[in-house]
$ cat model33.txt   # compact mmCIF, C-alpha atoms
# COMPACT_ATOMS: atom_id res chain seq x y z
CA MET A 133 -26.59 -38.79 86.11
CA LEU A 134 -25.93 -35.19 85.11
CA LEU A 135 -28.63 -32.55 84.75
CA MET A 136 -27.33 -30.54 81.81
CA PRO A 137 -28.53 -27.61 79.67
CA ILE A 138 -29.75 -28.77 76.27
CA ASN A 139 -27.34 -26.32 74.59
CA LYS A 140 -24.40 -28.10 76.22
CA CYS A 141 -25.47 -31.57 75.11
CA GLN A 142 -23.69 -33.36 72.28
CA PRO A 143 -24.57 -36.17 69.86
CA GLY A 144 -23.63 -39.54 71.35
CA MET A 145 -24.75 -38.77 74.89
CA ARG A 146 -27.39 -41.05 76.41
CA LEU A 147 -30.50 -40.06 78.32
CA ALA A 148 -30.64 -41.03 81.98
CA LYS A 149 -34.40 -40.37 82.37
CA ASN A 150 -37.45 -40.40 80.14
CA ILE A 151 -38.51 -37.08 78.64
CA TYR A 152 -42.26 -36.38 78.54
CA ASN A 153 -44.38 -33.82 76.73
CA GLU A 154 -47.13 -31.87 78.48
CA ASP A 155 -49.64 -34.63 77.70
CA GLY A 156 -47.56 -37.19 79.56
CA MET A 157 -46.40 -38.95 76.39
CA VAL A 158 -42.79 -40.14 76.23
CA LEU A 159 -40.86 -38.01 73.75
CA LEU A 160 -37.58 -39.87 74.27
CA ALA A 161 -36.94 -42.91 76.44
CA VAL A 162 -34.13 -43.56 78.88
CA ASN A 163 -30.88 -44.82 77.26
CA VAL A 164 -31.68 -43.25 73.89
CA GLU A 165 -28.53 -41.96 72.21
CA LEU A 166 -28.83 -38.31 71.26
CA THR A 167 -28.29 -37.04 67.75
CA GLN A 168 -28.07 -33.40 66.73
CA ARG A 169 -31.54 -33.72 65.23
CA LEU A 170 -32.96 -34.97 68.54
CA ILE A 171 -31.18 -32.22 70.48
CA ASP A 172 -32.66 -29.59 68.13
CA ARG A 173 -36.08 -31.20 68.46
CA LEU A 174 -35.95 -31.12 72.27
CA PHE A 175 -34.93 -27.48 72.15
CA SER A 176 -37.89 -26.71 69.88
CA TYR A 177 -40.20 -28.31 72.47
CA GLY A 178 -38.96 -25.79 75.03
CA ILE A 179 -36.92 -28.31 77.03
CA ASP A 180 -33.91 -26.54 78.50
CA TYR A 181 -32.34 -29.25 80.72
CA ILE A 182 -32.13 -33.04 80.47
CA TYR A 183 -30.55 -35.85 82.51
CA ILE A 184 -27.49 -37.42 80.88
CA ALA A 185 -25.94 -40.77 81.84
CA ASP A 186 -22.44 -40.53 83.30
CA SER A 187 -20.50 -43.41 84.86
CA ARG A 188 -18.91 -41.22 87.55
CA THR A 189 -22.28 -40.11 88.84
CA ASP A 190 -24.29 -43.35 88.59
CA ASP A 191 -25.06 -43.09 92.29
CA VAL A 192 -26.67 -39.65 91.90
CA ILE A 193 -30.31 -40.50 91.26
CA GLN A 194 -33.25 -38.14 91.49
CA VAL A 195 -36.34 -39.85 92.85
CA ASP A 196 -39.47 -38.01 91.77
CA ILE A 197 -41.94 -37.79 94.65
CA ILE A 198 -44.62 -36.65 92.19
CA GLN A 199 -45.48 -39.40 89.73
CA ASP A 200 -45.26 -38.60 86.03
CA GLU A 201 -48.95 -39.48 85.68
CA THR A 202 -49.87 -36.98 88.38
CA ARG A 203 -47.84 -34.12 86.93
CA SER A 204 -49.00 -34.72 83.35
CA LYS A 205 -52.67 -34.85 84.43
CA ALA A 206 -52.25 -31.61 86.39
CA VAL A 207 -50.59 -29.82 83.47
CA HIS A 208 -53.22 -31.20 81.08
CA GLU A 209 -56.12 -29.93 83.25
CA ILE A 210 -54.51 -26.51 83.71
CA ARG A 211 -53.79 -26.16 80.00
CA ASP A 212 -57.29 -27.17 78.90
CA THR A 213 -58.99 -25.01 81.52
CA PHE A 214 -56.92 -21.92 80.84
CA LYS A 215 -57.43 -22.28 77.08
CA LYS A 216 -61.20 -22.64 77.56
CA VAL A 217 -61.33 -19.50 79.69
CA MET A 218 -59.29 -17.64 77.05
CA GLU A 219 -61.70 -18.76 74.32
CA ASP A 220 -64.69 -17.64 76.40
CA SER A 221 -63.22 -14.18 77.03
CA ASN A 222 -65.07 -12.73 74.04
CA LYS A 223 -68.45 -14.14 75.04
CA ARG A 224 -71.00 -11.77 76.50
CA GLY A 225 -72.47 -12.33 79.91
CA ALA A 226 -71.39 -14.59 82.75
CA VAL A 227 -69.76 -17.89 81.90
CA SER A 228 -69.77 -20.79 84.37
CA TYR A 229 -66.99 -23.37 84.66
CA TYR A 230 -68.87 -25.88 86.74
CA ASP A 231 -66.36 -28.66 86.12
CA ILE A 232 -63.30 -26.71 87.28
CA GLY A 233 -63.60 -27.67 90.92
CA ARG A 234 -64.57 -31.27 90.25
CA ASN A 235 -61.73 -31.88 87.78
CA PHE A 236 -59.10 -30.18 89.89
CA ARG A 237 -60.16 -31.90 93.10
CA ASP A 238 -59.17 -35.18 91.42
CA VAL A 239 -55.77 -33.65 90.60
CA MET A 240 -55.42 -32.39 94.17
CA LYS A 241 -56.10 -35.88 95.52
CA MET A 242 -53.32 -37.32 93.34
CA ILE A 243 -50.79 -34.64 94.33
CA ILE A 244 -51.59 -34.89 98.04
CA ASP A 245 -51.43 -38.69 97.94
CA ASP A 246 -48.03 -38.59 96.19
CA LEU A 247 -46.55 -36.05 98.61
CA SER A 248 -48.05 -37.71 101.69
CA ALA A 249 -46.38 -40.97 100.69
CA HIS A 250 -42.99 -39.22 100.90
CA GLN A 251 -43.32 -37.21 104.09
CA GLY A 252 -39.91 -36.15 105.28
CA ALA A 253 -38.51 -36.08 101.73
CA MET A 254 -37.37 -32.77 100.31
CA VAL A 255 -39.07 -31.35 97.24
CA MET A 256 -36.54 -30.12 94.68
CA LEU A 257 -37.50 -26.85 93.08
CA ASN A 258 -36.92 -27.46 89.41
CA ASN A 259 -38.22 -25.13 86.72
CA MET A 260 -35.38 -26.12 84.40
CA ASN A 261 -37.66 -27.55 81.72
CA ILE A 262 -40.02 -24.58 81.48
CA LYS A 263 -40.13 -22.39 78.41
CA ASP A 264 -43.11 -22.10 76.05
CA ASN A 265 -45.60 -23.53 78.58
CA TYR A 266 -44.35 -21.54 81.54
CA LEU A 267 -47.81 -20.52 82.79
CA PHE A 268 -49.07 -24.12 82.92
CA GLN A 269 -45.94 -25.67 84.44
CA HIS A 270 -45.53 -22.75 86.85
CA SER A 271 -49.08 -23.23 88.16
CA VAL A 272 -48.46 -26.92 88.81
CA ASN A 273 -45.09 -26.29 90.48
CA VAL A 274 -46.50 -23.62 92.78
CA SER A 275 -49.28 -26.01 93.79
CA ILE A 276 -46.85 -28.87 94.52
CA TYR A 277 -44.54 -26.71 96.63
CA ALA A 278 -47.41 -25.04 98.48
CA ILE A 279 -48.97 -28.41 99.35
CA MET A 280 -45.62 -29.77 100.54
CA LEU A 281 -45.19 -26.75 102.78
CA GLY A 282 -48.77 -27.18 104.00
CA ILE A 283 -48.08 -30.82 104.89
CA SER A 284 -44.97 -29.77 106.82
CA PHE A 285 -47.00 -27.05 108.54
CA GLY A 286 -49.55 -29.63 109.68
CA TYR A 287 -52.64 -28.69 107.69
CA SER A 288 -55.56 -31.11 107.53
CA ARG A 289 -56.37 -32.77 104.21
CA GLU A 290 -59.31 -30.42 103.69
CA LYS A 291 -57.05 -27.39 104.14
CA LEU A 292 -54.44 -28.92 101.85
CA GLU A 293 -57.07 -29.27 99.11
CA THR A 294 -58.13 -25.64 99.54
CA LEU A 295 -54.51 -24.43 99.54
CA GLY A 296 -53.65 -26.62 96.55
CA LEU A 297 -56.61 -25.41 94.50
CA GLY A 298 -55.75 -21.80 95.30
CA ALA A 299 -52.14 -22.40 94.25
CA LEU A 300 -53.02 -24.33 91.08
CA LEU A 301 -55.45 -21.61 89.94
CA HIS A 302 -53.70 -18.53 91.36
CA ASP A 303 -52.83 -17.21 87.88
CA ILE A 304 -56.07 -18.10 86.08
CA GLY A 305 -56.79 -14.39 85.75
CA LYS A 306 -53.93 -14.10 83.26
CA THR A 307 -56.26 -15.73 80.75
CA LYS A 308 -58.00 -12.34 80.59
CA ILE A 309 -54.81 -10.36 79.92
CA PRO A 310 -54.14 -9.42 76.27
CA LEU A 311 -51.66 -11.85 74.71
CA GLY A 312 -49.53 -8.94 73.51
CA ILE A 313 -48.83 -8.09 77.16
CA LEU A 314 -48.71 -11.65 78.46
CA ARG A 315 -46.13 -12.72 75.85
CA LYS A 316 -44.20 -9.46 75.51
CA PRO A 317 -40.49 -10.36 75.12
CA SER A 318 -39.30 -7.30 77.03
CA GLN A 319 -40.05 -5.47 80.24
CA LEU A 320 -43.59 -4.09 80.53
CA THR A 321 -44.31 -0.38 80.43
CA SER A 322 -46.05 1.17 83.45
CA GLU A 323 -49.37 1.09 81.56
CA GLU A 324 -48.88 -2.55 80.59
CA PHE A 325 -47.92 -3.51 84.13
CA ALA A 326 -51.07 -1.80 85.43
CA GLU A 327 -53.08 -4.01 83.08
CA MET A 328 -51.11 -7.12 84.10
CA LYS A 329 -51.87 -6.46 87.78
CA LYS A 330 -55.57 -6.83 87.02
CA HIS A 331 -55.07 -10.61 86.68
CA THR A 332 -55.56 -10.96 90.43
CA THR A 333 -59.03 -9.39 90.28
CA TYR A 334 -59.93 -11.27 87.11
CA GLY A 335 -58.92 -14.54 88.76
CA PHE A 336 -61.14 -13.88 91.77
CA GLN A 337 -64.07 -12.99 89.52
CA ILE A 338 -63.68 -16.25 87.59
CA LEU A 339 -63.48 -18.46 90.68
CA LYS A 340 -65.62 -16.83 93.38
CA ASP A 341 -68.99 -18.19 92.25
CA GLU A 342 -67.87 -21.63 91.10
CA PRO A 343 -69.74 -24.21 93.22
CA ASN A 344 -66.81 -26.63 93.56
CA ILE A 345 -64.15 -24.01 94.36
CA PRO A 346 -63.80 -22.89 98.01
CA LEU A 347 -64.11 -19.12 98.38
CA LEU A 348 -60.76 -19.12 100.18
CA SER A 349 -59.13 -20.62 97.06
CA ALA A 350 -60.63 -17.78 95.01
CA HIS A 351 -59.15 -15.29 97.48
CA CYS A 352 -55.73 -16.86 96.81
CA ALA A 353 -56.04 -15.70 93.19
CA LEU A 354 -56.95 -12.23 94.47
CA GLN A 355 -54.32 -11.88 97.20
CA HIS A 356 -51.18 -13.77 96.10
CA HIS A 357 -49.44 -10.49 95.18
CA GLU A 358 -50.29 -8.77 98.46
CA ARG A 359 -47.36 -8.22 100.84
CA ILE A 360 -47.49 -7.95 104.62
CA ASN A 361 -46.11 -4.37 104.64
CA GLY A 362 -48.91 -3.19 102.35
CA SER A 363 -46.71 -2.80 99.26
CA GLY A 364 -48.55 -5.41 97.20
CA TYR A 365 -51.64 -5.34 95.00
CA PRO A 366 -54.51 -5.10 94.21
CA ARG A 367 -55.69 -3.70 97.56
CA GLY A 368 -52.48 -3.00 99.48
CA LEU A 369 -53.50 -5.33 102.33
CA GLN A 370 -51.24 -5.69 105.35
CA GLY A 371 -50.30 -8.43 107.82
CA SER A 372 -53.08 -10.76 108.89
CA ASP A 373 -55.53 -9.10 106.51
CA ILE A 374 -53.86 -11.30 103.88
CA ASN A 375 -55.06 -14.87 104.28
CA GLU A 376 -52.39 -17.38 105.28
CA PHE A 377 -52.78 -19.49 102.14
CA SER A 378 -52.18 -16.47 99.90
CA ARG A 379 -48.99 -15.71 101.82
CA TRP A 380 -47.69 -19.25 101.19
CA ILE A 381 -48.52 -18.99 97.49
CA GLY A 382 -47.05 -15.50 97.19
CA LEU A 383 -43.78 -16.71 98.67
CA VAL A 384 -43.35 -19.65 96.29
CA ASP A 385 -44.63 -17.64 93.32
CA SER A 386 -42.03 -14.93 93.98
CA TYR A 387 -39.19 -17.44 94.21
CA ASP A 388 -40.21 -19.13 90.97
CA ALA A 389 -40.44 -15.79 89.16
CA MET A 390 -36.98 -14.73 90.35
CA THR A 391 -35.33 -17.96 89.20
CA THR A 392 -37.01 -18.13 85.78
CA THR A 393 -35.34 -16.75 82.66
CA ARG A 394 -36.78 -13.59 81.14
CA VAL A 395 -35.71 -12.04 77.84
CA TYR A 396 -34.87 -8.77 79.59
CA ARG A 397 -32.95 -10.22 82.55
CA ARG A 398 -31.03 -13.27 83.70
CA PRO A 399 -32.56 -15.53 86.33
CA LEU A 400 -31.22 -15.30 89.85
CA LEU A 401 -29.30 -18.27 91.15
CA PRO A 402 -31.40 -20.24 93.65
CA HIS A 403 -29.41 -19.05 96.66
CA GLU A 404 -29.58 -15.46 95.38
CA ALA A 405 -33.36 -15.70 95.17
CA MET A 406 -33.44 -17.16 98.67
CA GLU A 407 -31.42 -14.19 99.89
CA GLN A 408 -33.95 -11.87 98.25
CA LEU A 409 -36.76 -13.62 100.12
CA PHE A 410 -34.92 -13.28 103.42
CA ALA A 411 -34.27 -9.62 102.65
CA GLY A 412 -38.05 -9.23 102.62
CA SER A 413 -38.57 -11.29 105.77
CA GLY A 414 -40.95 -9.54 108.15
CA THR A 415 -41.75 -6.80 105.64
CA MET A 416 -42.93 -8.52 102.45
CA TYR A 417 -43.04 -12.16 103.54
CA ASP A 418 -43.87 -13.97 106.77
CA GLN A 419 -40.70 -14.88 108.69
CA ASN A 420 -41.93 -18.28 109.84
CA GLN A 421 -43.10 -19.22 106.35
CA ILE A 422 -39.72 -18.30 104.84
CA ALA A 423 -37.94 -20.38 107.49
CA LEU A 424 -40.07 -23.44 106.66
CA PHE A 425 -39.51 -22.88 102.94
CA ARG A 426 -35.76 -22.79 103.58
CA ASP A 427 -35.84 -25.99 105.64
CA LYS A 428 -38.16 -28.11 103.48
CA ILE A 429 -37.40 -27.17 99.86
CA ALA A 430 -34.18 -28.16 98.10
CA ILE A 431 -33.38 -25.30 95.75
CA TYR A 432 -30.58 -27.14 93.87
CA PRO A 433 -31.76 -30.36 92.15
CA LEU A 434 -29.62 -33.46 92.42
CA GLY A 435 -27.33 -33.85 89.42
CA ILE A 436 -27.37 -30.19 88.35
CA THR A 437 -24.01 -29.18 86.90
CA VAL A 438 -22.45 -26.22 88.68
CA LYS A 439 -19.41 -23.98 88.78
CA LEU A 440 -18.02 -22.94 92.16
CA ASN A 441 -16.54 -19.57 93.02
CA THR A 442 -13.22 -21.41 93.33
CA GLY A 443 -13.37 -22.05 89.57
CA GLU A 444 -13.99 -25.80 89.98
CA PHE A 445 -16.77 -27.62 88.12
CA GLY A 446 -18.97 -30.41 89.39
CA ILE A 447 -22.49 -31.55 90.20
CA VAL A 448 -24.81 -31.47 93.20
CA SER A 449 -24.40 -35.02 94.49
CA LYS A 450 -26.25 -34.95 97.82
CA LEU A 451 -28.70 -32.75 99.68
CA ASN A 452 -28.04 -31.37 103.13
CA MET A 453 -31.25 -32.02 105.05
CA THR A 454 -30.41 -29.37 107.63
CA VAL A 455 -29.10 -26.73 105.21
CA PRO A 456 -30.68 -27.56 101.81
CA GLN A 457 -29.51 -24.34 100.18
CA ARG A 458 -25.89 -25.46 100.70
CA PRO A 459 -25.67 -28.97 99.19
CA ILE A 460 -22.74 -31.35 98.73
CA VAL A 461 -20.96 -30.86 95.40
CA ARG A 462 -18.91 -33.56 93.70
CA VAL A 463 -16.01 -31.80 91.96
CA LEU A 464 -15.25 -33.35 88.56
CA GLN A 465 -12.92 -30.70 87.12
CA ASP A 466 -10.30 -28.38 88.55
CA GLU A 467 -10.32 -24.62 88.00
CA SER A 468 -8.60 -25.10 84.63
CA GLY A 469 -11.39 -27.38 83.41
CA ARG A 470 -9.22 -30.50 83.55
CA GLU A 471 -10.95 -33.73 84.50
CA LEU A 472 -9.98 -35.13 87.89
CA LYS A 473 -8.89 -38.74 88.05
CA GLU A 474 -10.30 -38.91 91.55
CA PRO A 475 -13.35 -36.65 91.99
CA TYR A 476 -13.94 -35.40 95.52
CA GLU A 477 -16.84 -33.85 97.36
CA ILE A 478 -17.19 -30.50 99.10
CA ASP A 479 -19.86 -30.00 101.74
CA LEU A 480 -20.93 -26.39 101.25
CA SER A 481 -22.53 -26.36 104.70
CA THR A 482 -19.06 -26.64 106.26
CA LYS A 483 -17.03 -24.76 103.62
CA LEU A 484 -18.83 -21.44 104.01
CA SER A 485 -16.43 -19.54 101.76
CA VAL A 486 -17.26 -21.81 98.80
CA LEU A 487 -20.37 -20.87 96.81
CA ILE A 488 -22.15 -22.00 93.67
CA SER A 489 -21.46 -19.20 91.20
CA GLU A 490 -23.18 -20.63 88.11
CA ILE A 491 -25.55 -23.48 87.30
CA GLY A 492 -25.65 -25.57 84.14
CA GLU A 493 -21.93 -25.07 83.70
CA ILE A 494 -19.42 -27.79 82.90
CA LYS A 495 -16.84 -28.22 80.15
CA ILE A 496 -17.36 -31.11 77.79
CA ASP A 497 -14.90 -31.52 74.94
CA GLU A 498 -15.67 -34.96 73.53
CA LEU A 499 -17.34 -38.30 74.12
CA ASP A 500 -15.89 -41.64 75.06
CA THR A 501 -16.54 -43.54 71.84
CA GLU A 502 -16.87 -46.87 73.63
CA THR A 503 -19.28 -45.88 76.41
CA GLY A 504 -21.04 -42.87 74.89
CA MET A 505 -20.44 -41.06 78.19
CA PRO A 506 -19.27 -37.45 78.29
CA THR A 507 -15.56 -36.92 78.63
CA ILE A 508 -15.27 -33.81 80.75
CA LEU A 509 -12.01 -31.94 80.39

$ encode --input "model33.txt" --output "structure tokens"
Amino acid sequence: MLLMPINKCQPGMRLAKNIYNEDGMVLLAVNVELTQRLIDRLFSYGIDYIYIADSRTDDVIQVDIIQDETRSKAVHEIRDTFKKVMEDSNKRGAVSYYDIGRNFRDVMKMIIDDLSAHQGAMVMLNNMNIKDNYLFQHSVNVSIYAIMLGISFGYSREKLETLGLGALLHDIGKTKIPLGILRKPSQLTSEEFAEMKKHTTYGFQILKDEPNIPLLSAHCALQHHERINGSGYPRGLQGSDINEFSRWIGLVDSYDAMTTTRVYRRPLLPHEAMEQLFAGSGTMYDQNQIALFRDKIAIYPLGITVKLNTGEFGIVSKLNMTVPQRPIVRVLQDESGRELKEPYEIDLSTKLSVLISEIGEIKIDELDTETGMPTIL
């Protein structure tokens, strides 16, 4: 299968995986043949990438270690909770959200059970399908990655639940930020950014007195933008004054922000974002935490179409367990964009001069009318 940008898809292609909406309902089922109307509809839903069937890559299969039911329930709970908090923002006096902890503990159990059943597997960072519901999907992703890192670090189940709740709700304070700032399609002014930074304090205030939310989880909402050299906010904490869970969440949150499209800037490539994290190793981020992130998280999803700095086009066909940021790429086209009769693979962990220069890039000129598969030229 190929993981392709929706704007590169063409009528006649066939889906290789089901596509779900945020409620867990199937929008389009596997093997459905795309039409231009369906492609436009998917784009309108904010879906940027989809898996396309391709006979040359039938062996490249992404196995989701988080079940669709688990992810959809998590997104559903986050969406409903955040919307309720937004609606209550205009009410006077204190508002209690007694069910937050109880509802999200059920979600945590599902996520931890899913990840624990695949210990040793690598989680693939994949925010490719995020657009209109970025805040909800982002919260779920940060929670999944933080829990996976916590499992690898050896946390007990109780600590995993506390870490996961802190990660899932780390941005709940953004429900108190004016929508004009939260949805601004350009870079924030200094005054607007000062207001945005208040989301950490707002989040702590929402969570700190909830009976089913550990106080440490509430502190994750408060501290996830703190940095170990004191350059973060809201309090400019340093080193061990920042709780360990907040440092995990801050690390994953930063990576996700760097690799997500913004109107006013392009997203960094995954390895570029990783380099940025390492540039802050020991100053902004904990060195040991970055090293574990590097070793346990696959930053390039299987099947993603890529362009190499050699000019060749292909897909990520295998993960390197020892060097996940340098996967194995199956080259499908030469530097002129011509399809290869015999595709070959390059192990980027051994060919250090070869780099992924772009993602979501491949040249497709027409479809094979008999198979409906893309003909890549």

$ residues_around --input "model33.txt" --residues "region 326-337 of chain A" --least-positions-apart "3" --cutoff "9 Å" --atoms "all atoms listed in the file" --output "number ranges by chain"
A: 301-310, 313-314, 320-323, 340-341, 347, 349-357, 365-366

$ atom_distance --input "model33.txt" --atom1 "CA of Val448 (chain A)" --atom2 "CA of Val461 (chain A)"
4.5 Å

$ residues_around --input "model33.txt" --residues "region 432-443 of chain A" --least-positions-apart "4" --cutoff "8 Å" --atoms "all atoms listed in the file" --output "VMD selection string"
chain A and resid 133 to 136 183 192 to 194 256 to 258 402 447 to 451 456 to 457 459 466 to 468 486 to 494

$ atom_distance --input "model33.txt" --atom1 "CA of Tyr177 (chain A)" --atom2 "CA of Val239 (chain A)"
24.5 Å

$ atom_distance --input "model33.txt" --atom1 "CA of Met416 (chain A)" --atom2 "CA of Ile360 (chain A)"
5.1 Å

$ closest_residue --input "model33.txt" --among "A:Tyr417, A:Phe425, A:Phe214, A:Tyr387" --to "Glu404 (chain A)" --atoms "all atoms listed in the file"
A:Tyr387

$ closest_residue --input "model33.txt" --among "A:Asn139, A:Ile210, A:Met280, A:Leu464" --to "Ser187 (chain A)" --atoms "only C-alpha atoms"
A:Leu464

$ residues_around --input "model33.txt" --residues "Gln419 (chain A)" --least-positions-apart "5" --cutoff "12 Å" --atoms "only C-alpha atoms" --output "PyMOL selection string"
chain A and resi 360+371+379-380+383+409-414+424-426

$ write_last_selection --input "model33.txt" --atoms "C-alpha atoms" --output "PDB file, in the frame of the given file"
ATOM      1  CA  ILE A 360     -47.490  -7.950 104.620  1.00  0.00           C
ATOM      2  CA  GLY A 371     -50.300  -8.430 107.820  1.00  0.00           C
ATOM      3  CA  ARG A 379     -48.990 -15.710 101.820  1.00  0.00           C
ATOM      4  CA  TRP A 380     -47.690 -19.250 101.190  1.00  0.00           C
ATOM      5  CA  LEU A 383     -43.780 -16.710  98.670  1.00  0.00           C
ATOM      6  CA  LEU A 409     -36.760 -13.620 100.120  1.00  0.00           C
ATOM      7  CA  PHE A 410     -34.920 -13.280 103.420  1.00  0.00           C
ATOM      8  CA  ALA A 411     -34.270  -9.620 102.650  1.00  0.00           C
ATOM      9  CA  GLY A 412     -38.050  -9.230 102.620  1.00  0.00           C
ATOM     10  CA  SER A 413     -38.570 -11.290 105.770  1.00  0.00           C
ATOM     11  CA  GLY A 414     -40.950  -9.540 108.150  1.00  0.00           C
ATOM     12  CA  LEU A 424     -40.070 -23.440 106.660  1.00  0.00           C
ATOM     13  CA  PHE A 425     -39.510 -22.880 102.940  1.00  0.00           C
ATOM     14  CA  ARG A 426     -35.760 -22.790 103.580  1.00  0.00           C
TER      15      ARG A 426
END
